[in-house]
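Participant: My structure is stored as query-v3.cif, with mmCIF, C-alpha atoms and all ligand atoms.
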```cif
data_entry
loop_
_atom_site.label_atom_id
_atom_site.label_comp_id
_atom_site.auth_asym_id
_atom_site.auth_seq_id
_atom_site.Cartn_x
_atom_site.Cartn_y
_atom_site.Cartn_z
CA MET A 1 52.14 32.11 93.55
CA LYS A 2 53.16 35.01 95.76
CA THR A 3 55.05 35.30 99.02
CA ILE A 4 53.85 37.62 101.74
CA GLN A 5 55.96 38.70 104.67
CA THR A 6 54.40 38.86 108.10
CA VAL A 7 55.93 39.68 111.47
CA VAL A 8 55.23 37.14 114.21
CA GLU A 9 54.01 38.72 117.45
CA GLU A 10 55.02 35.97 119.83
CA LEU A 11 54.97 36.09 123.62
CA PRO A 12 58.35 36.06 125.42
CA GLU A 13 57.85 32.50 126.69
CA GLN A 14 56.91 31.39 123.16
CA ARG A 15 60.05 33.02 121.79
CA ALA A 16 62.30 30.75 123.82
CA ILE A 17 60.48 27.71 122.44
CA PHE A 18 60.72 28.98 118.85
CA ASP A 19 64.45 29.69 119.22
CA GLU A 20 65.06 26.24 120.61
CA ASN A 21 62.91 24.70 117.89
CA LEU A 22 64.83 26.49 115.14
CA LEU A 23 68.11 25.02 116.42
CA LEU A 24 66.61 21.59 116.94
CA MET A 25 65.21 21.51 113.38
CA ALA A 26 68.60 22.63 112.04
CA ASP A 27 70.33 19.77 113.86
CA ALA A 28 67.71 17.32 112.64
CA GLN A 29 68.04 18.51 109.03
CA ASN A 30 71.83 18.43 109.16
CA PHE A 31 71.52 14.84 110.37
CA VAL A 32 69.30 14.04 107.36
CA VAL A 33 71.86 15.69 105.05
CA SER A 34 74.68 13.44 106.36
CA SER A 35 72.38 10.46 106.16
CA CYS A 36 71.68 11.27 102.47
CA TYR A 37 75.41 11.41 101.68
CA ASP A 38 76.10 8.23 103.69
CA HIS A 39 73.38 6.28 101.89
CA GLU A 40 74.04 8.04 98.57
CA GLU A 41 70.31 8.57 98.33
CA THR A 42 68.09 11.67 98.07
CA ASN A 43 64.70 10.08 97.52
CA THR A 44 62.39 11.45 100.21
CA PHE A 45 60.44 8.23 100.73
CA ARG A 46 63.45 5.94 100.89
CA MET A 47 65.26 8.34 103.25
CA HIS A 48 62.14 8.67 105.41
CA HIS A 49 62.42 4.96 106.11
CA PHE A 50 65.96 5.39 107.53
CA ASN A 51 65.53 8.74 109.23
CA TYR A 52 62.04 8.84 110.68
CA PRO A 53 62.64 6.65 113.76
CA ILE A 54 65.84 8.55 114.60
CA LEU A 55 64.22 11.97 114.11
CA ARG A 56 61.45 10.88 116.47
CA GLU A 57 63.59 9.23 119.15
CA ARG A 58 66.95 10.97 119.16
CA PHE A 59 65.70 14.44 118.27
CA GLY A 60 62.31 14.08 119.95
CA LEU A 61 60.48 15.64 117.01
CA PRO A 62 56.71 15.39 116.70
CA SER A 63 55.68 13.19 113.77
CA GLN A 64 54.83 16.05 111.38
CA LEU A 65 58.09 17.89 112.03
CA ALA A 66 60.06 14.68 111.46
CA VAL A 67 58.34 14.36 108.07
CA VAL A 68 59.08 18.01 107.18
CA ALA A 69 62.73 17.83 108.32
CA ASN A 70 63.36 14.74 106.20
CA LYS A 71 61.55 16.06 103.16
CA TYR A 72 63.09 19.51 103.22
CA ALA A 73 66.64 18.33 103.85
CA CYS A 74 66.41 15.67 101.12
CA SER A 75 65.26 18.21 98.56
CA SER A 76 68.03 20.63 99.49
CA VAL A 77 70.62 17.85 99.04
CA LYS A 78 69.05 17.00 95.70
CA GLY A 79 69.30 20.66 94.65
CA ALA A 80 72.91 20.96 95.82
CA ILE A 81 73.95 17.87 93.86
CA ARG A 82 72.21 19.15 90.74
CA ARG A 83 73.91 22.54 91.03
CA LYS A 84 77.23 20.86 91.91
CA ALA A 85 77.16 22.98 95.09
CA PRO A 86 78.73 21.99 98.44
CA ARG A 87 76.82 19.97 101.02
CA PRO A 88 73.94 22.03 102.46
CA ASN A 89 74.18 23.18 106.06
CA PHE A 90 71.23 24.39 108.13
CA SER A 91 72.12 27.23 110.47
CA GLY A 92 68.92 27.43 112.49
CA ARG A 93 67.78 30.77 111.11
CA ALA A 94 64.79 29.36 109.24
CA VAL A 95 62.40 26.46 109.41
CA HIS A 96 59.94 25.22 106.84
CA TYR A 97 56.24 24.63 107.59
CA ASP A 98 53.71 22.76 105.48
CA SER A 99 49.94 22.55 105.77
CA ARG A 100 50.13 19.71 108.30
CA SER A 101 52.64 21.29 110.64
CA SER A 102 50.96 24.71 110.61
CA THR A 103 47.60 26.43 110.31
CA ILE A 104 47.64 29.97 108.97
CA ASP A 105 44.61 32.23 108.91
CA LEU A 106 45.23 35.41 106.93
CA VAL A 107 41.80 36.83 107.70
CA LYS A 108 42.15 36.43 111.46
CA LYS A 109 45.90 37.21 111.13
CA SER A 110 46.92 34.28 113.25
CA ALA A 111 49.00 31.16 112.92
CA SER A 112 49.43 27.96 114.84
CA LEU A 113 52.91 26.49 114.39
CA LEU A 114 54.07 23.09 115.52
CA THR A 115 57.14 22.88 117.76
CA LYS A 116 58.68 20.18 119.94
CA GLU A 117 56.52 21.57 122.76
CA GLY A 118 53.34 21.31 120.71
CA ARG A 119 51.47 23.87 118.67
CA LEU A 120 51.99 27.54 119.49
CA LYS A 121 49.35 30.05 118.56
CA VAL A 122 50.64 33.47 117.54
CA LYS A 123 49.30 36.75 116.14
CA LEU A 124 50.64 37.86 112.78
CA ASN A 125 51.28 41.42 111.78
CA VAL A 126 50.24 41.47 108.11
CA PRO A 127 51.35 44.67 106.30
CA LEU A 128 48.51 46.68 104.81
CA TYR A 129 49.67 46.04 101.26
CA PHE A 130 49.33 42.26 101.68
CA GLN A 131 45.89 42.34 103.30
CA LYS A 132 44.18 42.31 99.92
CA PHE A 133 45.48 38.76 99.43
CA SER A 134 43.75 37.42 102.52
CA ASP A 135 41.36 35.30 100.41
CA TRP A 136 44.24 33.56 98.63
CA LYS A 137 45.12 29.98 99.46
CA VAL A 138 48.04 29.36 101.83
CA LYS A 139 50.47 26.77 100.41
CA GLU A 140 53.43 26.65 102.79
CA SER A 141 55.62 28.96 104.81
CA ASN A 142 59.04 29.62 106.28
CA LEU A 143 59.59 30.87 109.80
CA VAL A 144 62.70 33.07 109.65
CA LYS A 145 64.74 34.68 112.42
CA CYS A 146 65.76 37.97 110.84
CA ARG A 147 68.78 40.24 111.41
CA ASP A 148 66.65 42.58 113.54
CA ASN A 149 66.01 39.53 115.75
CA LYS A 150 62.31 39.50 114.86
CA LEU A 151 60.61 36.32 113.74
CA ARG A 152 58.93 36.62 110.37
CA LEU A 153 56.64 34.15 108.70
CA MET A 154 57.10 34.16 104.90
CA ILE A 155 53.86 32.73 103.57
CA MET A 156 53.54 31.34 100.05
CA ILE A 157 50.05 31.91 98.75
CA GLU A 158 48.20 30.97 95.60
CA LYS A 159 45.27 32.68 93.91
CA PRO A 160 42.15 30.58 94.50
CA ALA A 161 40.72 28.92 91.40
CA ILE A 162 37.51 30.38 90.00
CA LYS A 163 35.13 27.55 89.14
CA SER A 164 33.01 27.94 86.03
CA ASN A 165 29.31 27.22 86.64
CA GLY A 166 28.90 26.36 82.94
CA SER A 167 26.21 28.99 82.32
CA GLY A 168 28.42 30.98 79.90
CA LYS A 169 29.61 30.40 76.38
CA VAL A 170 30.57 26.83 75.45
CA ILE A 171 33.02 26.41 72.59
CA GLY A 172 34.12 23.23 70.79
CA VAL A 173 37.81 23.26 69.91
CA ASP A 174 39.39 21.13 67.19
CA ARG A 175 43.16 20.78 67.06
CA GLY A 176 44.72 20.01 63.71
CA ILE A 177 47.53 20.58 61.31
CA THR A 178 46.29 22.74 58.42
CA ASN A 179 44.67 24.89 61.03
CA LEU A 180 46.22 24.44 64.42
CA ILE A 181 42.95 25.45 66.01
CA ALA A 182 39.37 25.62 64.75
CA THR A 183 36.48 26.54 67.03
CA SER A 184 32.75 25.88 66.81
CA ASP A 185 32.13 29.65 66.75
CA GLY A 186 34.26 30.06 63.64
CA TRP A 187 37.77 31.01 64.73
CA LEU A 188 40.61 29.49 62.71
CA TYR A 189 44.19 29.72 63.82
CA GLU A 190 46.27 28.92 60.77
CA GLY A 191 49.26 26.71 61.26
CA ARG A 192 51.08 28.05 58.23
CA ASP A 193 53.50 30.37 60.05
CA VAL A 194 54.13 27.86 62.80
CA PHE A 195 54.61 25.22 60.13
CA SER A 196 57.30 27.16 58.27
CA VAL A 197 59.22 28.05 61.44
CA LYS A 198 59.06 24.42 62.58
CA LYS A 199 60.23 23.24 59.20
CA ARG A 200 63.25 25.51 59.38
CA TYR A 201 64.14 24.06 62.79
CA VAL A 202 63.78 20.50 61.52
CA GLY A 203 66.08 21.21 58.56
CA LEU A 204 68.69 22.87 60.73
CA ARG A 205 68.55 20.09 63.27
CA ALA A 206 69.15 17.44 60.62
CA ARG A 207 72.19 19.32 59.30
CA LEU A 208 73.66 19.79 62.78
CA GLN A 209 73.07 16.17 63.74
CA ALA A 210 74.83 15.03 60.58
CA LYS A 211 77.83 17.19 61.47
CA GLY A 212 78.13 15.68 64.96
CA THR A 213 80.97 17.93 66.16
CA ARG A 214 81.06 19.29 69.68
CA SER A 215 80.13 22.81 68.55
CA ALA A 216 77.28 21.38 66.50
CA LYS A 217 75.98 19.63 69.62
CA ARG A 218 76.15 22.84 71.61
CA HIS A 219 74.35 24.66 68.84
CA LEU A 220 71.75 21.90 68.77
CA SER A 221 70.91 22.15 72.46
CA ARG A 222 70.60 25.95 72.22
CA MET A 223 68.29 25.52 69.26
CA ARG A 224 66.11 23.02 71.15
CA GLY A 225 65.58 25.68 73.81
CA ARG A 226 64.63 28.27 71.21
CA GLU A 227 62.25 25.87 69.49
CA LYS A 228 60.56 25.04 72.80
CA ARG A 229 60.13 28.72 73.64
CA PHE A 230 58.69 29.36 70.21
CA MET A 231 56.08 26.59 70.63
CA ALA A 232 55.30 27.82 74.15
CA ASP A 233 54.67 31.32 72.75
CA VAL A 234 52.28 29.89 70.16
CA ASN A 235 50.46 27.94 72.87
CA HIS A 236 50.26 30.97 75.15
CA CYS A 237 48.74 33.00 72.34
CA ILE A 238 46.19 30.30 71.41
CA SER A 239 45.18 29.61 74.99
CA ARG A 240 44.73 33.31 75.79
CA THR A 241 42.43 33.81 72.79
CA LEU A 242 40.38 30.71 73.60
CA ILE A 243 39.95 31.60 77.28
CA ASP A 244 39.02 35.20 76.37
CA SER A 245 36.39 34.13 73.89
CA ALA A 246 34.74 31.69 76.32
CA GLY A 247 34.79 34.20 79.20
CA LEU A 248 33.66 33.82 82.81
CA ASN A 249 31.53 30.70 83.45
CA GLY A 250 32.21 29.45 79.94
CA ALA A 251 33.66 26.12 78.86
CA LEU A 252 36.13 24.89 76.26
CA ILE A 253 35.52 21.42 74.91
CA LEU A 254 38.46 19.45 73.50
CA GLU A 255 38.84 16.01 72.05
CA ASN A 256 40.42 13.50 74.35
CA LEU A 257 43.46 12.48 72.36
CA LYS A 258 44.82 10.16 75.04
CA GLY A 259 45.11 6.61 73.87
CA ILE A 260 43.60 7.15 70.42
CA ARG A 261 45.72 6.68 67.37
CA THR A 262 43.52 7.10 64.32
CA ALA A 263 45.20 7.81 61.01
CA ARG A 264 44.17 11.46 61.24
CA HIS A 265 45.77 12.03 64.59
CA ARG A 266 48.83 9.96 63.87
CA HIS A 267 49.43 12.18 60.89
CA GLN A 268 48.89 15.34 62.89
CA GLN A 269 51.02 14.31 65.79
CA ASN A 270 54.18 13.82 63.79
CA TRP A 271 56.95 16.35 64.06
CA LEU A 272 54.77 19.42 63.63
CA PHE A 273 52.41 19.47 66.54
CA SER A 274 53.86 16.83 68.78
CA ASN A 275 52.18 15.15 71.73
CA TRP A 276 54.19 17.48 73.90
CA ALA A 277 52.75 20.62 72.26
CA PHE A 278 49.19 19.26 72.57
CA TYR A 279 49.77 18.43 76.20
CA GLN A 280 51.26 21.86 76.87
CA LEU A 281 48.25 23.60 75.32
CA GLU A 282 45.94 21.58 77.57
CA THR A 283 48.01 22.53 80.61
CA PHE A 284 47.92 26.23 79.69
CA LEU A 285 44.15 26.10 79.11
CA LYS A 286 43.57 24.40 82.46
CA TYR A 287 45.56 26.86 84.56
CA LYS A 288 44.36 29.95 82.70
CA GLY A 289 40.83 28.58 82.94
CA GLU A 290 41.17 28.35 86.72
CA GLU A 291 42.25 31.97 86.86
CA ARG A 292 39.38 33.15 84.72
CA GLY A 293 36.53 30.78 85.56
CA VAL A 294 36.52 28.80 82.31
CA ALA A 295 36.03 25.03 82.48
CA VAL A 296 38.05 22.71 80.22
CA GLU A 297 36.23 19.49 79.36
CA PHE A 298 36.99 16.53 77.13
CA VAL A 299 34.88 14.37 74.82
CA PRO A 300 35.85 11.12 73.07
CA ALA A 301 37.57 11.77 69.72
CA ARG A 302 35.61 9.17 67.74
CA ASN A 303 34.13 10.32 64.39
CA THR A 304 34.47 14.04 65.07
CA SER A 305 36.03 14.61 61.64
CA LYS A 306 33.86 12.12 59.73
CA ALA A 307 30.36 13.05 60.87
CA CYS A 308 28.27 15.90 59.46
CA SER A 309 27.68 18.52 62.13
CA ALA A 310 24.35 19.49 60.54
CA CYS A 311 22.62 16.10 60.21
CA GLY A 312 24.97 13.62 61.88
CA SER A 313 25.45 11.40 58.84
CA ILE A 314 28.70 9.42 58.78
CA LYS A 315 29.75 8.39 55.30
CA LYS A 316 33.09 7.69 53.69
CA GLY A 317 34.70 10.44 51.62
CA GLN A 318 32.71 13.35 53.00
CA ARG A 319 35.91 15.07 54.03
CA GLN A 320 38.14 16.16 51.15
CA GLY A 321 41.14 18.05 52.50
CA SER A 322 39.87 21.18 54.15
CA VAL A 323 36.33 20.86 52.76
CA PHE A 324 33.53 18.84 54.29
CA ARG A 325 30.66 18.05 51.93
CA CYS A 326 27.78 16.05 53.40
CA LYS A 327 26.45 13.30 51.14
CA THR A 328 23.11 13.28 52.95
CA CYS A 329 22.09 16.90 53.50
CA ASN A 330 24.56 18.51 51.05
CA VAL A 331 25.87 21.01 53.55
CA VAL A 332 29.37 22.33 52.73
CA LEU A 333 31.63 23.40 55.59
CA HIS A 334 35.26 23.96 56.40
CA ALA A 335 36.33 20.50 57.55
CA ASP A 336 37.98 21.69 60.78
CA LEU A 337 35.03 23.93 61.71
CA ASN A 338 32.76 20.95 61.10
CA ALA A 339 34.90 18.90 63.49
CA ALA A 340 34.79 21.68 66.11
CA LYS A 341 30.99 21.82 65.89
CA ASN A 342 30.84 18.03 66.31
CA ILE A 343 32.97 18.31 69.43
CA LEU A 344 30.55 20.89 70.83
CA HIS A 345 27.50 18.75 69.95
CA LYS A 346 29.05 15.69 71.57
CA TYR A 347 29.52 17.62 74.79
CA GLN A 348 25.99 19.06 74.69
CA SER A 349 24.38 15.68 74.16
CA SER A 350 26.44 14.10 76.94
CA ARG A 351 25.30 16.91 79.25
CA ALA A 352 21.70 16.48 78.19
CA ALA A 353 21.93 12.77 79.04
CA VAL A 354 23.17 13.56 82.54
CA ASN A 355 20.47 16.17 83.15
CA GLN A 356 17.62 14.03 81.84
CA PRO A 357 14.85 13.64 84.41
CA ILE A 358 14.24 10.30 86.03
CA ALA A 359 11.44 8.64 84.07
CA LEU A 360 8.94 6.16 85.42
CA GLN A 361 9.23 2.80 83.69
CA ALA A 362 6.22 0.64 82.77
CA ASP A 363 7.08 -1.74 85.58
CA GLY A 364 6.92 1.16 88.04
CA ALA A 365 10.63 1.18 88.84
CA SER A 366 12.33 4.52 88.54
CA HIS A 367 15.10 4.45 86.02
CA ARG A 368 17.58 6.95 84.73
CA LEU A 369 17.43 7.13 80.92
ZN ZN A 401 24.64 16.44 56.72
#
```
Mind turning this structure into structure tokens?

Facilitator:
Amino acid sequence: MKTIQTVVEELPEQRAIFDENLLLMADAQNFVVSSCYDHEETNTFRMHHFNYPILRERFGLPSQLAVVANKYACSSVKGAIRRKAPRPNFSGRAVHYDSRSSTIDLVKKSASLLTKEGRLKVKLNVPLYFQKFSDWKVKESNLVKCRDNKLRLMIMIEKPAIKSNGSGKVIGVDRGITNLIATSDGWLYEGRDVFSVKKRYVGLRARLQAKGTRSAKRHLSRMRGREKRFMADVNHCISRTLIDSAGLNGALILENLKGIRTARHRHQQNWLFSNWAFYQLETFLKYKGEERGVAVEFVPARNTSKACSACGSIKKGQRQGSVFRCKTCNVVLHADLNAAKNILHKYQSSRAAVNQPIALQADGASHRL
């Protein structure tokens, strides 16, 4: 996310409408603020129900502006209450626009902004430095009346996602405990260091909780923050390496751990690598993947640690700790690497099934295999 500053080049007759609209929106939002305090409610949807008809009738706002005024004022009240700040007051110097109340074209350097008098089309003066972002996606904006009396549109933009076409490197990724990460191309990220740091936190936490004094509680909450940051660092490091090794148009294949609770995963998801840490890693992979054109896909978790990645045989006792020894083809592999290869194979065979040509059945009906 980035914010770019543009100067609005409005016509004189448009300026009068914008000025009036700024004041009108301020009044409308101040009304919503009082309404929030009167109802002791900051939920946007519940407040919309009270405020919308009044914003439309008494303030004469177009539908989209009524929605924005309610939403924006509710969230500022919510923020003020959280910060224990005084009641927000809108002065009429700025008004918020979303994608439904405005259309902004950074390439054509123009914007169409909704006011009480309808949509006004204006030219934007985009500084040279910001022109390189013209292919970014516009999220929302604020129209601000600045000290120099110029109107500026502050536009929040987001880098567009790069979609992987799947023609690059595809890597199966196994998440575990002895090795936090094992990949089908042979990378192992050992959990040992993470394990010992985590263990230290767990020990300290237990001691502090037993103490139960006020200073122990304060210490505890500080430690929780540190522990979270530590795990986030680990996840940043892992996700960066994985995205780099897949590269543009590549794909990372993970097991879908949602809803499954096999003994293996229950064991892994205890205090060491919690659900939260797994979920965070997935989130990091997804957003970094969008920046770099790497797809993140999921396959069902069934049998990925039990099956042989060389011949597919599933027999009891083939996995002994970190060693996988196949009872059918005698292959010996690191157990986590074997699982990572199975994850990759699962994805490849599911893809092959989708891409299979439509075959002609004996009865003449076309049928997808
Ligand atoms: Zn085998």

Participant: Quick one: residues within 12 Å of A:Ile81, only C-alpha atoms counted, chain neighbours fewer than 3 positions away excluded, as a list in words?

Facilitator: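 Here the answer would be Val33, Cys36, Tyr37, Glu40, Glu41, Thr42, Cys74, Ser75, Ser76, Val77, Lys78, Lys84, Ala85, Pro86, Arg87 and Pro88 of chain A.
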
Participant: Got time to write the residues from that selection, C-alpha atoms, as a PDB file, in the coordinates of the input?

Facilitator:
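Dumped everything to result-v8.pdb:
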```pdb
ATOM      1  CA  VAL A  33      71.860  15.690 105.050  1.00  0.00           C
ATOM      2  CA  CYS A  36      71.680  11.270 102.470  1.00  0.00           C
ATOM      3  CA  TYR A  37      75.410  11.410 101.680  1.00  0.00           C
ATOM      4  CA  GLU A  40      74.040   8.040  98.570  1.00  0.00           C
ATOM      5  CA  GLU A  41      70.310   8.570  98.330  1.00  0.00           C
ATOM      6  CA  THR A  42      68.090  11.670  98.070  1.00  0.00           C
ATOM      7  CA  CYS A  74      66.410  15.670 101.120  1.00  0.00           C
ATOM      8  CA  SER A  75      65.260  18.210  98.560  1.00  0.00           C
ATOM      9  CA  SER A  76      68.030  20.630  99.490  1.00  0.00           C
ATOM     10  CA  VAL A  77      70.620  17.850  99.040  1.00  0.00           C
ATOM     11  CA  LYS A  78      69.050  17.000  95.700  1.00  0.00           C
ATOM     12  CA  LYS A  84      77.230  20.860  91.910  1.00  0.00           C
ATOM     13  CA  ALA A  85      77.160  22.980  95.090  1.00  0.00           C
ATOM     14  CA  PRO A  86      78.730  21.990  98.440  1.00  0.00           C
ATOM     15  CA  ARG A  87      76.820  19.970 101.020  1.00  0.00           C
ATOM     16  CA  PRO A  88      73.940  22.030 102.460  1.00  0.00           C
TER      17      PRO A  88
END
```

Participant: Quick one: residues within 9 Å of ligand ZN 401 (chain A), with all atoms listed in the file, as a list in words?

Facilitator: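 Sorted by chain and then by number, the residues are Ala307, Cys308, Ser309, Ala310, Cys311, Gly312, Ser313, Ile314, Arg325, Cys326, Lys327, Thr328, Cys329, Asn330, Val331 and Val332 of chain A.
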
Participant: Ranking A:His49, A:His39, A:Lys198, A:Lys139 by minimum distance to A:Met154 and counting all atoms listed in the file, which one comes first?

Facilitator: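 Of the candidates, the smallest distance to A:Met154 is held by A:Lys139.
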
Participant: My list of candidates is A:Lys228, A:Arg207, A:Lys163, A:Arg218. Which is closest to A:Lys286 when distances are computed with all atoms listed in the file?

Facilitator: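 Ranked by minimum distance to A:Lys286, first place goes to A:Lys163.
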
Participant: Give as a ChimeraX atom specification every residue, naming chains and numbers as the document does, that has an atom within 12 Å of (67.0, 24.8, 119.7), counting only C-alpha atoms.

Facilitator: /A:15-28,59-61,91-95,115-117

Participant: Could those selected residues go to a file with C-alpha atoms, as a PDB file, in the coordinates of the input?

Facilitator:
```
ATOM      1  CA  ARG A  15      60.050  33.020 121.790  1.00  0.00           C
ATOM      2  CA  ALA A  16      62.300  30.750 123.820  1.00  0.00           C
ATOM      3  CA  ILE A  17      60.480  27.710 122.440  1.00  0.00           C
ATOM      4  CA  PHE A  18      60.720  28.980 118.850  1.00  0.00           C
ATOM      5  CA  ASP A  19      64.450  29.690 119.220  1.00  0.00           C
ATOM      6  CA  GLU A  20      65.060  26.240 120.610  1.00  0.00           C
ATOM      7  CA  ASN A  21      62.910  24.700 117.890  1.00  0.00           C
ATOM      8  CA  LEU A  22      64.830  26.490 115.140  1.00  0.00           C
ATOM      9  CA  LEU A  23      68.110  25.020 116.420  1.00  0.00           C
ATOM     10  CA  LEU A  24      66.610  21.590 116.940  1.00  0.00           C
ATOM     11  CA  MET A  25      65.210  21.510 113.380  1.00  0.00           C
ATOM     12  CA  ALA A  26      68.600  22.630 112.040  1.00  0.00           C
ATOM     13  CA  ASP A  27      70.330  19.770 113.860  1.00  0.00           C
ATOM     14  CA  ALA A  28      67.710  17.320 112.640  1.00  0.00           C
ATOM     15  CA  PHE A  59      65.700  14.440 118.270  1.00  0.00           C
ATOM     16  CA  GLY A  60      62.310  14.080 119.950  1.00  0.00           C
ATOM     17  CA  LEU A  61      60.480  15.640 117.010  1.00  0.00           C
ATOM     18  CA  SER A  91      72.120  27.230 110.470  1.00  0.00           C
ATOM     19  CA  GLY A  92      68.920  27.430 112.490  1.00  0.00           C
ATOM     20  CA  ARG A  93      67.780  30.770 111.110  1.00  0.00           C
ATOM     21  CA  ALA A  94      64.790  29.360 109.240  1.00  0.00           C
ATOM     22  CA  VAL A  95      62.400  26.460 109.410  1.00  0.00           C
ATOM     23  CA  THR A 115      57.140  22.880 117.760  1.00  0.00           C
ATOM     24  CA  LYS A 116      58.680  20.180 119.940  1.00  0.00           C
ATOM     25  CA  GLU A 117      56.520  21.570 122.760  1.00  0.00           C
TER      26      GLU A 117
END
```

Participant: So the first atom is atom CA of A:Asp135 and the second is atom CA of A:Lys150; what is the distance between them in Å, to one decimal place?

Facilitator: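 Separation of atom CA of A:Asp135 and atom CA of A:Lys150: 25.8 Å.
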
Participant: Taking only C-alpha atoms into account, which of A:Ile4, A:Leu252, A:Val68, A:Val202 comes nearest A:Tyr129?

Facilitator: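 Nearest candidate to A:Tyr129 out of A:Ile4, A:Leu252, A:Val68, A:Val202: A:Ile4.
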
Participant: Could you check how far atom CA of A:Arg205 sits from atom CA of A:Ser221, in Å to one decimal?

Facilitator: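 We find that atom CA of A:Arg205 and atom CA of A:Ser221 lie 9.7 Å from each other.
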